[in-house]
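Reproduced below: run25.cif, with mmCIF, C-alpha atoms.
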data_upload
#
loop_
_atom_site.label_atom_id
_atom_site.label_comp_id
_atom_site.auth_asym_id
_atom_site.auth_seq_id
_atom_site.Cartn_x
_atom_site.Cartn_y
_atom_site.Cartn_z
CA MET Q 23 -34.86 2.77 8.34
CA LEU Q 24 -33.39 -0.54 9.52
CA LEU Q 25 -33.57 -1.96 5.97
CA ALA Q 26 -31.80 1.09 4.61
CA SER Q 27 -29.02 0.82 7.19
CA ILE Q 28 -28.54 -2.85 6.33
CA SER Q 29 -28.63 -2.36 2.56
CA ILE Q 30 -25.77 0.15 2.49
CA PRO Q 31 -23.12 -2.23 3.93
CA LEU Q 32 -24.49 -4.99 1.70
CA CYS Q 33 -24.11 -2.73 -1.32
CA ALA Q 34 -20.52 -2.01 -0.34
CA ALA Q 35 -19.88 -5.75 -0.01
CA ALA Q 36 -21.48 -6.30 -3.42
CA VAL Q 37 -19.22 -3.66 -4.95
CA ALA Q 38 -16.19 -5.44 -3.52
CA VAL Q 39 -17.32 -8.86 -4.78
CA ILE Q 40 -18.09 -7.59 -8.29
CA CYS Q 41 -14.75 -5.76 -8.51
CA ALA Q 42 -12.92 -8.87 -7.26
CA ALA Q 43 -14.57 -11.01 -9.95
CA LEU Q 44 -13.85 -8.51 -12.72
CA CYS Q 45 -10.21 -8.08 -11.67
CA ALA Q 46 -9.71 -11.84 -11.45
CA ALA Q 47 -11.29 -12.28 -14.89
CA VAL Q 48 -8.98 -9.71 -16.47
CA LEU Q 49 -5.85 -11.15 -14.87
CA GLY Q 50 -6.88 -14.71 -15.68
CA ALA Q 51 -7.35 -13.75 -19.33
CA LEU Q 52 -3.95 -12.03 -19.44
CA LEU Q 53 -2.25 -15.12 -18.05
CA LYS Q 54 -4.14 -17.61 -20.20
CA SER Q 55 -3.51 -15.67 -23.41
CA GLY Q 56 0.18 -15.19 -22.66
CA LEU Q 57 -0.20 -11.43 -23.00
CA ALA Q 58 0.84 -10.98 -19.36
CA TRP Q 59 4.40 -11.99 -20.24
CA ARG Q 60 4.61 -9.47 -23.09
CA LEU Q 61 3.28 -6.52 -21.09
CA ALA Q 62 5.85 -6.61 -18.26
CA THR Q 63 7.94 -9.36 -16.70
CA ASP Q 64 10.04 -9.24 -13.56
CA VAL Q 65 13.34 -11.07 -14.07
CA PRO Q 66 14.90 -12.15 -10.74
CA ASN Q 67 18.26 -10.70 -9.71
CA GLU Q 68 20.46 -10.93 -6.64
CA ARG Q 69 18.04 -8.73 -4.67
CA SER Q 70 14.89 -10.69 -5.58
CA LEU Q 71 13.02 -13.03 -3.25
CA HIS Q 72 11.61 -15.17 -6.07
CA GLU Q 73 13.51 -17.41 -8.45
CA ARG Q 74 11.43 -17.49 -11.65
CA PRO Q 75 10.49 -14.68 -14.06
CA THR Q 76 7.02 -13.45 -13.11
CA PRO Q 77 4.64 -11.12 -15.00
CA ARG Q 78 4.11 -7.72 -13.40
CA VAL Q 79 0.58 -7.12 -14.64
CA GLY Q 80 -1.50 -6.94 -11.45
CA GLY Q 81 -2.12 -3.28 -12.14
CA TRP Q 82 -3.78 -4.14 -15.45
CA GLY Q 83 -6.53 -5.85 -13.50
CA MET Q 84 -6.75 -3.70 -10.38
CA ILE Q 85 -6.51 -0.16 -11.71
CA PRO Q 86 -8.96 -0.21 -14.67
CA VAL Q 87 -11.62 -2.00 -12.61
CA ALA Q 88 -11.14 0.25 -9.57
CA VAL Q 89 -11.09 3.40 -11.72
CA ALA Q 90 -14.28 2.43 -13.54
CA ALA Q 91 -16.06 1.59 -10.28
CA ILE Q 92 -15.03 4.83 -8.59
CA LEU Q 93 -16.10 6.96 -11.57
CA LEU Q 94 -19.45 5.18 -11.64
CA LEU Q 95 -20.18 5.12 -7.91
CA ALA Q 96 -18.12 8.01 -6.53
CA PRO Q 97 -17.84 10.69 -9.25
CA SER Q 98 -16.87 13.36 -6.72
CA LEU Q 99 -13.50 11.57 -6.42
CA TRP Q 100 -12.71 12.21 -10.10
CA LEU Q 101 -9.41 13.96 -9.37
CA MET Q 102 -8.18 10.93 -7.42
CA VAL Q 103 -9.04 8.78 -10.41
CA LEU Q 104 -7.26 11.14 -12.78
CA GLY Q 105 -4.13 11.03 -10.61
CA ALA Q 106 -4.23 7.23 -10.45
CA VAL Q 107 -4.62 6.90 -14.23
CA PHE Q 108 -1.77 9.35 -14.82
CA LEU Q 109 0.54 7.47 -12.47
CA ALA Q 110 -0.48 4.12 -13.96
CA ALA Q 111 0.44 5.35 -17.44
CA VAL Q 112 3.81 6.72 -16.35
CA SER Q 113 4.53 3.60 -14.32
CA GLN Q 114 3.68 1.27 -17.20
CA ILE Q 115 6.32 3.04 -19.28
CA ASP Q 116 8.72 2.49 -16.38
CA ASP Q 117 7.76 -1.20 -16.25
CA ARG Q 118 8.44 -1.66 -19.96
CA ARG Q 119 11.39 0.61 -20.66
CA GLY Q 120 12.62 2.02 -17.36
CA LEU Q 121 12.54 5.68 -16.38
CA PRO Q 122 15.05 7.77 -14.39
CA ALA Q 123 14.18 8.11 -10.70
CA ARG Q 124 13.78 11.87 -11.07
CA VAL Q 125 11.09 11.41 -13.73
CA ARG Q 126 9.16 8.90 -11.61
CA PHE Q 127 9.33 11.08 -8.51
CA ALA Q 128 8.28 14.15 -10.51
CA ALA Q 129 5.15 12.31 -11.66
CA HIS Q 130 4.34 11.32 -8.08
CA PHE Q 131 4.81 14.93 -6.97
CA VAL Q 132 2.52 16.29 -9.70
CA ALA Q 133 -0.30 13.91 -8.75
CA VAL Q 134 -0.10 14.75 -5.03
CA LEU Q 135 0.32 18.48 -5.66
CA ALA Q 136 -2.78 18.56 -7.86
CA LEU Q 137 -4.83 16.90 -5.14
CA ILE Q 138 -3.87 19.28 -2.35
CA VAL Q 139 -4.07 22.39 -4.57
CA VAL Q 140 -7.55 21.61 -5.85
CA TYR Q 141 -8.73 20.34 -2.45
CA PRO Q 142 -6.70 22.23 0.17
CA ALA Q 143 -7.24 21.81 3.88
CA SER Q 144 -7.60 24.71 6.31
CA ILE Q 145 -4.27 24.09 8.02
CA PRO Q 146 -0.87 25.82 8.05
CA TRP Q 147 1.11 25.41 4.82
CA TRP Q 148 3.91 23.53 6.55
CA PHE Q 149 1.44 20.96 7.90
CA LEU Q 150 -0.06 20.54 4.44
CA ALA Q 151 3.44 20.09 3.04
CA GLY Q 152 4.04 17.37 5.63
CA LEU Q 153 0.88 15.57 4.56
CA ALA Q 154 1.98 15.81 0.93
CA PHE Q 155 5.31 14.22 1.86
CA LEU Q 156 3.51 11.40 3.67
CA MET Q 157 1.36 10.76 0.61
CA LEU Q 158 4.47 10.64 -1.56
CA TRP Q 159 5.99 8.19 0.90
CA LEU Q 160 2.91 5.95 0.78
CA ILE Q 161 3.10 5.86 -3.02
CA ASN Q 162 6.63 4.49 -2.91
CA LEU Q 163 5.91 2.26 0.08
CA TYR Q 164 3.53 0.18 -2.03
CA ASN Q 165 6.24 -0.28 -4.61
CA PHE Q 166 8.66 -1.49 -1.91
CA MET Q 167 6.19 -4.15 -0.75
CA ASP Q 168 5.52 -5.66 -4.17
CA GLY Q 169 8.43 -8.13 -4.02
CA SER Q 170 6.87 -10.74 -1.75
CA ASP Q 171 3.97 -13.07 -2.51
CA GLY Q 172 0.67 -11.72 -1.23
CA LEU Q 173 2.05 -8.75 0.68
CA ALA Q 174 1.03 -5.70 -1.38
CA GLY Q 175 -2.33 -7.26 -2.27
CA GLY Q 176 -3.08 -8.08 1.34
CA MET Q 177 -2.11 -4.58 2.39
CA ALA Q 178 -4.62 -3.17 -0.11
CA LEU Q 179 -7.37 -5.60 0.89
CA PHE Q 180 -7.09 -4.79 4.60
CA GLY Q 181 -6.28 -1.10 4.26
CA PHE Q 182 -8.94 -0.09 1.75
CA GLY Q 183 -11.43 -2.39 3.45
CA ALA Q 184 -10.84 -0.44 6.66
CA TYR Q 185 -11.39 2.80 4.75
CA ALA Q 186 -14.72 1.50 3.46
CA VAL Q 187 -15.94 0.43 6.91
CA ALA Q 188 -14.83 3.68 8.56
CA ALA Q 189 -16.45 5.77 5.82
CA LEU Q 190 -19.75 3.92 6.27
CA PHE Q 191 -19.93 3.83 10.05
CA GLY Q 192 -17.89 6.88 11.06
CA PRO Q 193 -19.21 10.07 12.67
CA ILE Q 194 -19.87 11.50 9.20
CA PRO Q 195 -20.94 8.63 6.89
CA MET Q 196 -19.49 9.09 3.39
CA ARG Q 197 -21.00 6.65 0.93
CA GLU Q 198 -18.90 7.60 -2.07
CA LEU Q 199 -15.68 7.19 -0.13
CA ALA Q 200 -16.98 3.84 1.14
CA TRP Q 201 -17.77 2.67 -2.42
CA ALA Q 202 -14.29 3.71 -3.52
CA GLY Q 203 -12.62 1.86 -0.64
CA ALA Q 204 -14.73 -1.24 -1.28
CA ALA Q 205 -13.87 -1.15 -4.98
CA VAL Q 206 -10.11 -1.09 -4.40
CA ALA Q 207 -10.35 -3.71 -1.66
CA GLY Q 208 -12.31 -5.92 -4.03
CA THR Q 209 -9.80 -5.61 -6.85
CA ALA Q 210 -7.04 -6.43 -4.34
CA CYS Q 211 -8.89 -9.63 -3.47
CA GLY Q 212 -9.10 -10.57 -7.16
CA PHE Q 213 -5.38 -9.85 -7.54
CA LEU Q 214 -4.54 -11.95 -4.48
CA LEU Q 215 -6.02 -15.02 -6.16
CA PHE Q 216 -2.97 -14.90 -8.45
CA ASN Q 217 -0.47 -13.20 -6.14
CA PHE Q 218 -0.62 -15.27 -2.97
CA HIS Q 219 2.12 -17.87 -2.68
CA PRO Q 220 3.18 -19.21 -5.08
CA ALA Q 221 2.71 -15.91 -6.92
CA LYS Q 222 1.80 -16.09 -10.61
CA ILE Q 223 1.90 -12.30 -10.97
CA PHE Q 224 3.04 -9.16 -9.16
CA LEU Q 225 1.48 -5.70 -9.20
CA GLY Q 226 4.29 -4.00 -11.08
CA ASP Q 227 4.81 -0.25 -10.94
CA ALA Q 228 1.63 0.25 -13.00
CA GLY Q 229 -0.29 -1.29 -10.10
CA SER Q 230 1.66 -0.47 -6.96
CA ILE Q 231 2.24 3.24 -7.64
CA PRO Q 232 -1.40 4.25 -8.35
CA THR Q 233 -2.63 1.99 -5.53
CA GLY Q 234 -0.26 3.75 -3.12
CA PHE Q 235 -1.53 7.09 -4.41
CA LEU Q 236 -5.14 6.06 -3.83
CA ALA Q 237 -4.27 4.96 -0.28
CA GLY Q 238 -2.83 8.38 0.51
CA ALA Q 239 -5.44 10.35 -1.42
CA MET Q 240 -8.40 8.57 0.20
CA GLY Q 241 -6.81 8.94 3.60
CA TYR Q 242 -6.39 12.68 3.01
CA TRP Q 243 -9.92 13.02 1.59
CA GLY Q 244 -11.50 11.21 4.52
CA TRP Q 245 -9.62 13.30 7.08
CA ARG Q 246 -10.41 16.55 5.25
CA ALA Q 247 -14.12 15.67 5.18
CA GLY Q 248 -14.21 14.61 8.85
CA ALA Q 249 -14.68 10.87 8.29
CA TRP Q 250 -11.68 10.03 10.51
CA PRO Q 251 -8.83 11.70 12.43
CA ILE Q 252 -5.49 12.45 10.81
CA TRP Q 253 -3.82 9.46 12.46
CA PHE Q 254 -6.33 6.89 11.19
CA PRO Q 255 -4.83 6.20 7.70
CA ALA Q 256 -1.32 5.97 9.18
CA LEU Q 257 -2.45 3.48 11.83
CA VAL Q 258 -4.34 1.38 9.29
CA PHE Q 259 -1.21 0.97 7.15
CA SER Q 260 1.20 1.21 10.09
CA PRO Q 261 3.02 -2.17 9.85
CA PHE Q 262 4.19 -1.42 6.33
CA ILE Q 263 4.86 2.25 7.00
CA ALA Q 264 7.04 1.28 9.98
CA ASP Q 265 8.92 -1.38 7.99
CA ALA Q 266 9.67 0.90 5.05
CA SER Q 267 10.47 3.94 7.20
CA VAL Q 268 12.94 2.17 9.47
CA THR Q 269 14.60 0.56 6.45
CA LEU Q 270 14.85 3.92 4.66
CA ILE Q 271 16.39 5.65 7.67
CA ARG Q 272 19.00 2.91 8.01
CA ARG Q 273 19.93 3.13 4.33
CA LEU Q 274 20.16 6.91 4.45
CA LEU Q 275 22.42 6.76 7.52
CA ARG Q 276 24.71 4.40 5.60
CA GLY Q 277 24.76 6.73 2.61
CA GLU Q 278 23.02 4.24 0.31
CA LYS Q 279 20.64 5.08 -2.54
CA PHE Q 280 17.24 4.46 -0.98
CA TRP Q 281 15.44 4.08 -4.33
CA GLN Q 282 17.50 1.10 -5.40
CA ALA Q 283 16.12 -2.41 -4.90
CA HIS Q 284 17.41 -4.32 -1.88
CA ARG Q 285 16.55 -7.12 0.56
CA GLU Q 286 16.67 -5.32 3.91
CA HIS Q 287 12.98 -4.91 4.73
CA TYR Q 288 11.71 -6.82 7.73
CA TYR Q 289 9.43 -8.95 5.58
CA GLN Q 290 12.41 -9.80 3.37
CA ARG Q 291 14.46 -10.79 6.40
CA MET Q 292 11.64 -12.99 7.67
CA ILE Q 293 11.56 -14.86 4.37
CA ARG Q 294 15.35 -15.21 4.27
CA LEU Q 295 15.26 -16.51 7.85
CA GLY Q 296 13.13 -19.39 6.63
CA THR Q 297 9.63 -18.22 7.55
CA GLY Q 298 8.55 -18.53 3.91
CA HIS Q 299 6.40 -16.33 1.67
CA ALA Q 300 3.01 -17.65 2.76
CA ALA Q 301 3.70 -17.62 6.50
CA THR Q 302 5.31 -14.17 6.29
CA ALA Q 303 2.27 -12.78 4.49
CA LEU Q 304 -0.09 -14.30 7.06
CA VAL Q 305 1.93 -12.82 9.93
CA TRP Q 306 1.76 -9.38 8.32
CA TYR Q 307 -1.97 -9.79 7.71
CA LEU Q 308 -2.44 -10.57 11.40
CA VAL Q 309 -0.41 -7.55 12.48
CA MET Q 310 -2.24 -5.27 10.06
CA PHE Q 311 -5.63 -6.59 11.19
CA ALA Q 312 -4.63 -5.99 14.81
CA GLY Q 313 -3.64 -2.40 13.94
CA ILE Q 314 -6.99 -1.84 12.24
CA ILE Q 315 -8.87 -3.15 15.28
CA VAL Q 316 -6.82 -0.82 17.48
CA ALA Q 317 -7.60 2.07 15.12
CA PHE Q 318 -11.38 1.47 15.25
CA TRP Q 319 -11.27 1.09 19.02
CA ALA Q 320 -9.37 4.36 19.38
CA LEU Q 321 -12.00 6.23 17.33
CA SER Q 322 -14.42 6.03 20.26
CA LEU Q 323 -11.98 7.52 22.76
CA SER Q 324 -10.89 11.06 23.62
CA THR Q 325 -8.28 12.79 21.48
CA ALA Q 326 -5.59 12.47 24.16
CA LEU Q 327 -6.21 8.73 24.51
CA GLN Q 328 -6.22 8.32 20.74
CA TRP Q 329 -2.73 9.76 20.41
CA GLY Q 330 -1.58 7.70 23.39
CA ILE Q 331 -2.79 4.54 21.66
CA VAL Q 332 -1.10 5.57 18.40
CA ALA Q 333 2.18 6.04 20.28
CA GLY Q 334 1.75 2.73 22.08
CA TRP Q 335 1.11 0.88 18.82
CA ALA Q 336 4.19 2.49 17.29
CA VAL Q 337 6.29 1.20 20.20
CA ALA Q 338 4.78 -2.28 19.76
CA LEU Q 339 5.76 -2.28 16.07
CA LEU Q 340 9.30 -1.16 16.91
CA LEU Q 341 9.60 -4.00 19.41
CA MET Q 342 8.43 -6.48 16.76
CA GLY Q 343 11.08 -5.13 14.43
CA ALA Q 344 13.72 -5.38 17.16
CA ALA Q 345 12.84 -9.05 17.66
CA ILE Q 346 13.39 -9.69 13.94
CA ASP Q 347 16.69 -7.79 14.14
CA VAL Q 348 17.89 -10.05 16.95
CA ARG Q 349 17.07 -13.16 14.94
CA TRP Q 350 18.71 -11.66 11.86
CA ARG Q 351 21.97 -10.86 13.64
CA SER Q 352 22.05 -14.37 15.07
CA PHE Q 353 21.43 -15.81 11.61
CA GLN Q 354 24.24 -13.75 10.10
CA SER Q 355 26.61 -14.80 12.87
CA LEU Q 356 25.87 -18.48 12.28
CA THR Q 357 26.23 -18.01 8.53
CA ARG Q 358 29.68 -16.44 8.91
CA GLN Q 359 30.82 -19.22 11.23
CA SER Q 360 29.75 -21.91 8.80
#

Translate this file's structure into structure tokens.
Amino acid sequence: MLLASISIPLCAAAVAVICAALCAAVLGALLKSGLAWRLATDVPNERSLHERPTPRVGGWGMIPVAVAAILLLAPSLWLMVLGAVFLAAVSQIDDRRGLPARVRFAAHFVAVLALIVVYPASIPWWFLAGLAFLMLWLINLYNFMDGSDGLAGGMALFGFGAYAVAALFGPIPMRELAWAGAAVAGTACGFLLFNFHPAKIFLGDAGSIPTGFLAGAMGYWGWRAGAWPIWFPALVFSPFIADASVTLIRRLLRGEKFWQAHREHYYQRMIRLGTGHAATALVWYLVMFAGIIVAFWALSLSTALQWGIVAGWAVALLLMGAAIDVRWRSFQSLTRQS
């Protein structure tokens, strides 16, 4: 019994390591052959944080490897895989030729709708609609975070790694969900070898969009099956959800088009304040790791205490954002004076 309990986490770790190696091999081959530049290249503009054209081919390594691993080890999650492949295909077209926002959002909606229709939860329709909206938001959130070295990859490594651990050691162990989480976390690690500062590649829409979908879909699946409470996925990804949500609300209040690229996220402000890509990524990793520790700690507490901790962590994130805002306003004031 003890050997069996030890072998399962080791198997999950092995899945992650193998997926990391395969993803790194694919991306290394794309870069070495020069094919990465022909598939999709991000050309810097006035909103970019990087200065040199950079291939957007991270998805070509992460998604095929993760999809193959999930189909092999977690076949019950086939619909998730189908949604990820569909979004990767649509997003690759967007990377190469550009698609209208309404077409992109329609594809996101179809993938999420299929998931909740085929696997509905026994909750009121309005609550299910709210969860669908949150999944749609997580899809686009990943795309927002793909502009800084190491950020989107680190978010996937920590977030899906937390899914894998929770699925293995939660009140209802779910091996297939754990394998799936470990697979995506592993591919994120392989991607990070090329994406951490100085970044040689970015995810691109073909990587960020399906990865965001998998984050929401696995979170929904785990909650629906009883592996974790409804708040767990949100708390795991909370630093990035808070950043993107606050930024979106501000842009909407100003009447701006929220889907257009910009440089107003907190991580973007940190880099522009001089923190740098590497240090900014490490700070976000630390905050995300702290949120994950808080999430696992809360799992052992009563429901009332769990929600109290979620609210407390949300306040802590808002205070962190406020501190960055203070520095940003001071920076702008000094810039205008000079």

Point to revise | Residue nearest Tyr141 in chain Q among Q:Val103, Q:Ile194, Q:Ala239, Q:Met157 (counting only C-alpha atoms) | key: Q:Ala239

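Proximity of Q:Arg197, Q:Arg351, Q:His299, Q:Arg119 to Ile92 in chain Q, computed with only C-alpha atoms, is greatest for Q:Arg197.
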
Practice item. For CA of Ile314 in chain Q and CA of Val258 in chain Q, determine how far apart the two atoms are, in Å to one decimal place. Key: 5.1 Å

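The closest residue to Ile85 in chain Q, picked from Q:Ala320, Q:Leu225, Q:Leu101, Q:Ala336 and counting all atoms listed in the file, is Q:Leu225.
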
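Candidate residues Q:Gly229, Q:His130, Q:Asp347, Q:Leu339 were compared for distance to Tyr164 in chain Q, and the nearest is Q:Gly229, using all atoms listed in the file.
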
Point to revise | Expected selection from the PyMOL selection byres ((chain Q and resi 44) around 9), given as an MDAnalysis selection string | key: chainID Q and resid 39:43 45:49 83:84 87 209 212

Run through the PyMOL selection byres ((chain Q and resi 226) around 8) on the given coordinates and return the selected residues as a short mmCIF file (atom, residue, chain, number, x, y, z; two decimals) with C-alpha atoms, in the frame of the given file.
data_model
loop_
_atom_site.label_atom_id
_atom_site.label_comp_id
_atom_site.auth_asym_id
_atom_site.auth_seq_id
_atom_site.Cartn_x
_atom_site.Cartn_y
_atom_site.Cartn_z
CA ALA Q 62 5.85 -6.61 -18.26
CA ARG Q 78 4.11 -7.72 -13.40
CA VAL Q 79 0.58 -7.12 -14.64
CA GLY Q 80 -1.50 -6.94 -11.45
CA GLY Q 81 -2.12 -3.28 -12.14
CA ASP Q 117 7.76 -1.20 -16.25
CA ASN Q 165 6.24 -0.28 -4.61
CA ASP Q 168 5.52 -5.66 -4.17
CA PHE Q 224 3.04 -9.16 -9.16
CA LEU Q 225 1.48 -5.70 -9.20
CA ASP Q 227 4.81 -0.25 -10.94
CA ALA Q 228 1.63 0.25 -13.00
CA GLY Q 229 -0.29 -1.29 -10.10
CA SER Q 230 1.66 -0.47 -6.96
#

Practice item. List every protein, DNA or RNA residue that has an atom no more than 12 Å from (12.5, -14.5, 5.5) in the file's coordinate frame, counting all atoms listed in the file, and report them as a ChimeraX atom specification. Key: /Q:70-72,170-171,285-303,305,346-347,349-350,353

Per residue of range 144-262 of chain Q within 9 Å of range 50-61 of chain Q, what are the shortest atom pair and its distance in Å to one decimal, counting all atoms listed in the file, with rows by chain and residue number, as a Markdown table?
| residue | atom | partner | partner_atom | distance |
| --- | --- | --- | --- | --- |
| Q:Phe216 | CA | Q:Gly50 | CA | 8.2 |
| Q:Lys222 | CA | Q:Leu53 | CA | 8.5 |
| Q:Ile223 | CA | Q:Ala58 | CA | 8.6 |

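Between CA of Val134 in chain Q and CA of Ile161 in chain Q there is a distance of 9.7 Å.
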
Practice item. Could you tell me how far CA of Trp201 in chain Q lies from CA of Pro86 in chain Q, in Å and to one decimal? Key: 15.4 Å

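Restricting the calculation to only C-alpha atoms, the smallest distance between Asp116 in chain Q and any of Q:Glu198, Q:Phe182, Q:Gly203, Q:Ile231 is found for Q:Ile231.
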
Point to revise | Nearest to Phe166 in chain Q, chosen from Q:Ala344, Q:Ile263, Q:Ala237, Q:Ala326, with all atoms listed in the file counted in the distances | key: Q:Ile263

Check your understanding: the PyMOL selection byres ((chain Q and resi 108) around 10) on the file shown: which residues, as a PyMOL selection string?
Key -> chain Q and resi 102-107+109-113+129-130+132-133+228+232

Selection file, C-alpha atoms, as a PDB file, in the frame of the given file:
ATOM      1  CA  MET Q 102      -8.180  10.930  -7.420  1.00  0.00           C
ATOM      2  CA  VAL Q 103      -9.040   8.780 -10.410  1.00  0.00           C
ATOM      3  CA  LEU Q 104      -7.260  11.140 -12.780  1.00  0.00           C
ATOM      4  CA  GLY Q 105      -4.130  11.030 -10.610  1.00  0.00           C
ATOM      5  CA  ALA Q 106      -4.230   7.230 -10.450  1.00  0.00           C
ATOM      6  CA  VAL Q 107      -4.620   6.900 -14.230  1.00  0.00           C
ATOM      7  CA  LEU Q 109       0.540   7.470 -12.470  1.00  0.00           C
ATOM      8  CA  ALA Q 110      -0.480   4.120 -13.960  1.00  0.00           C
ATOM      9  CA  ALA Q 111       0.440   5.350 -17.440  1.00  0.00           C
ATOM     10  CA  VAL Q 112       3.810   6.720 -16.350  1.00  0.00           C
ATOM     11  CA  SER Q 113       4.530   3.600 -14.320  1.00  0.00           C
ATOM     12  CA  ALA Q 129       5.150  12.310 -11.660  1.00  0.00           C
ATOM     13  CA  HIS Q 130       4.340  11.320  -8.080  1.00  0.00           C
ATOM     14  CA  VAL Q 132       2.520  16.290  -9.700  1.00  0.00           C
ATOM     15  CA  ALA Q 133      -0.300  13.910  -8.750  1.00  0.00           C
ATOM     16  CA  ALA Q 228       1.630   0.250 -13.000  1.00  0.00           C
ATOM     17  CA  PRO Q 232      -1.400   4.250  -8.350  1.00  0.00           C
TER      18      PRO Q 232
END

Please, could N, CA, C and O atoms be added to range 315-329 of chain Q and the result written as a PDB file, in the coordinates of the input?
ATOM      1  N   ILE Q 315      -7.983  -3.030  14.118  1.00  0.00           N
ATOM      2  CA  ILE Q 315      -8.870  -3.150  15.280  1.00  0.00           C
ATOM      3  C   ILE Q 315      -8.531  -2.075  16.313  1.00  0.00           C
ATOM      4  O   ILE Q 315      -9.428  -1.435  16.891  1.00  0.00           O
ATOM      5  N   VAL Q 316      -7.243  -1.866  16.553  1.00  0.00           N
ATOM      6  CA  VAL Q 316      -6.820  -0.820  17.480  1.00  0.00           C
ATOM      7  C   VAL Q 316      -7.296   0.546  17.004  1.00  0.00           C
ATOM      8  O   VAL Q 316      -7.767   1.384  17.797  1.00  0.00           O
ATOM      9  N   ALA Q 317      -7.192   0.782  15.672  1.00  0.00           N
ATOM     10  CA  ALA Q 317      -7.600   2.070  15.120  1.00  0.00           C
ATOM     11  C   ALA Q 317      -9.098   2.307  15.333  1.00  0.00           C
ATOM     12  O   ALA Q 317      -9.520   3.399  15.744  1.00  0.00           O
ATOM     13  N   PHE Q 318      -9.929   1.298  15.072  1.00  0.00           N
ATOM     14  CA  PHE Q 318     -11.380   1.470  15.250  1.00  0.00           C
ATOM     15  C   PHE Q 318     -11.731   1.631  16.737  1.00  0.00           C
ATOM     16  O   PHE Q 318     -12.640   2.397  17.073  1.00  0.00           O
ATOM     17  N   TRP Q 319     -11.031   0.936  17.588  1.00  0.00           N
ATOM     18  CA  TRP Q 319     -11.270   1.090  19.020  1.00  0.00           C
ATOM     19  C   TRP Q 319     -10.932   2.504  19.469  1.00  0.00           C
ATOM     20  O   TRP Q 319     -11.687   3.132  20.231  1.00  0.00           O
ATOM     21  N   ALA Q 320      -9.811   3.029  18.972  1.00  0.00           N
ATOM     22  CA  ALA Q 320      -9.370   4.360  19.380  1.00  0.00           C
ATOM     23  C   ALA Q 320     -10.336   5.448  18.929  1.00  0.00           C
ATOM     24  O   ALA Q 320     -10.426   6.508  19.566  1.00  0.00           O
ATOM     25  N   LEU Q 321     -11.076   5.213  17.846  1.00  0.00           N
ATOM     26  CA  LEU Q 321     -12.000   6.230  17.330  1.00  0.00           C
ATOM     27  C   LEU Q 321     -13.045   6.639  18.358  1.00  0.00           C
ATOM     28  O   LEU Q 321     -13.551   7.762  18.325  1.00  0.00           O
ATOM     29  N   SER Q 322     -13.368   5.743  19.278  1.00  0.00           N
ATOM     30  CA  SER Q 322     -14.420   6.030  20.260  1.00  0.00           C
ATOM     31  C   SER Q 322     -13.893   6.712  21.513  1.00  0.00           C
ATOM     32  O   SER Q 322     -14.669   7.011  22.425  1.00  0.00           O
ATOM     33  N   LEU Q 323     -12.591   6.966  21.560  1.00  0.00           N
ATOM     34  CA  LEU Q 323     -11.980   7.520  22.760  1.00  0.00           C
ATOM     35  C   LEU Q 323     -11.689   9.013  22.589  1.00  0.00           C
ATOM     36  O   LEU Q 323     -11.848   9.584  21.509  1.00  0.00           O
ATOM     37  N   SER Q 324     -11.239   9.640  23.671  1.00  0.00           N
ATOM     38  CA  SER Q 324     -10.890  11.060  23.620  1.00  0.00           C
ATOM     39  C   SER Q 324      -9.641  11.262  22.769  1.00  0.00           C
ATOM     40  O   SER Q 324      -8.875  10.324  22.522  1.00  0.00           O
ATOM     41  N   THR Q 325      -9.426  12.484  22.340  1.00  0.00           N
ATOM     42  CA  THR Q 325      -8.280  12.790  21.480  1.00  0.00           C
ATOM     43  C   THR Q 325      -6.961  12.434  22.151  1.00  0.00           C
ATOM     44  O   THR Q 325      -6.054  11.866  21.521  1.00  0.00           O
ATOM     45  N   ALA Q 326      -6.827  12.771  23.434  1.00  0.00           N
ATOM     46  CA  ALA Q 326      -5.590  12.470  24.160  1.00  0.00           C
ATOM     47  C   ALA Q 326      -5.330  10.967  24.200  1.00  0.00           C
ATOM     48  O   ALA Q 326      -4.199  10.501  23.963  1.00  0.00           O
ATOM     49  N   LEU Q 327      -6.367  10.184  24.479  1.00  0.00           N
ATOM     50  CA  LEU Q 327      -6.210   8.730  24.510  1.00  0.00           C
ATOM     51  C   LEU Q 327      -5.906   8.172  23.128  1.00  0.00           C
ATOM     52  O   LEU Q 327      -5.141   7.210  22.989  1.00  0.00           O
ATOM     53  N   GLN Q 328      -6.497   8.770  22.101  1.00  0.00           N
ATOM     54  CA  GLN Q 328      -6.220   8.320  20.740  1.00  0.00           C
ATOM     55  C   GLN Q 328      -4.735   8.422  20.421  1.00  0.00           C
ATOM     56  O   GLN Q 328      -4.125   7.454  19.925  1.00  0.00           O
ATOM     57  N   TRP Q 329      -4.151   9.570  20.709  1.00  0.00           N
ATOM     58  CA  TRP Q 329      -2.730   9.760  20.410  1.00  0.00           C
ATOM     59  C   TRP Q 329      -1.855   8.882  21.304  1.00  0.00           C
ATOM     60  O   TRP Q 329      -0.793   8.421  20.878  1.00  0.00           O
TER      61      TRP Q 329
END
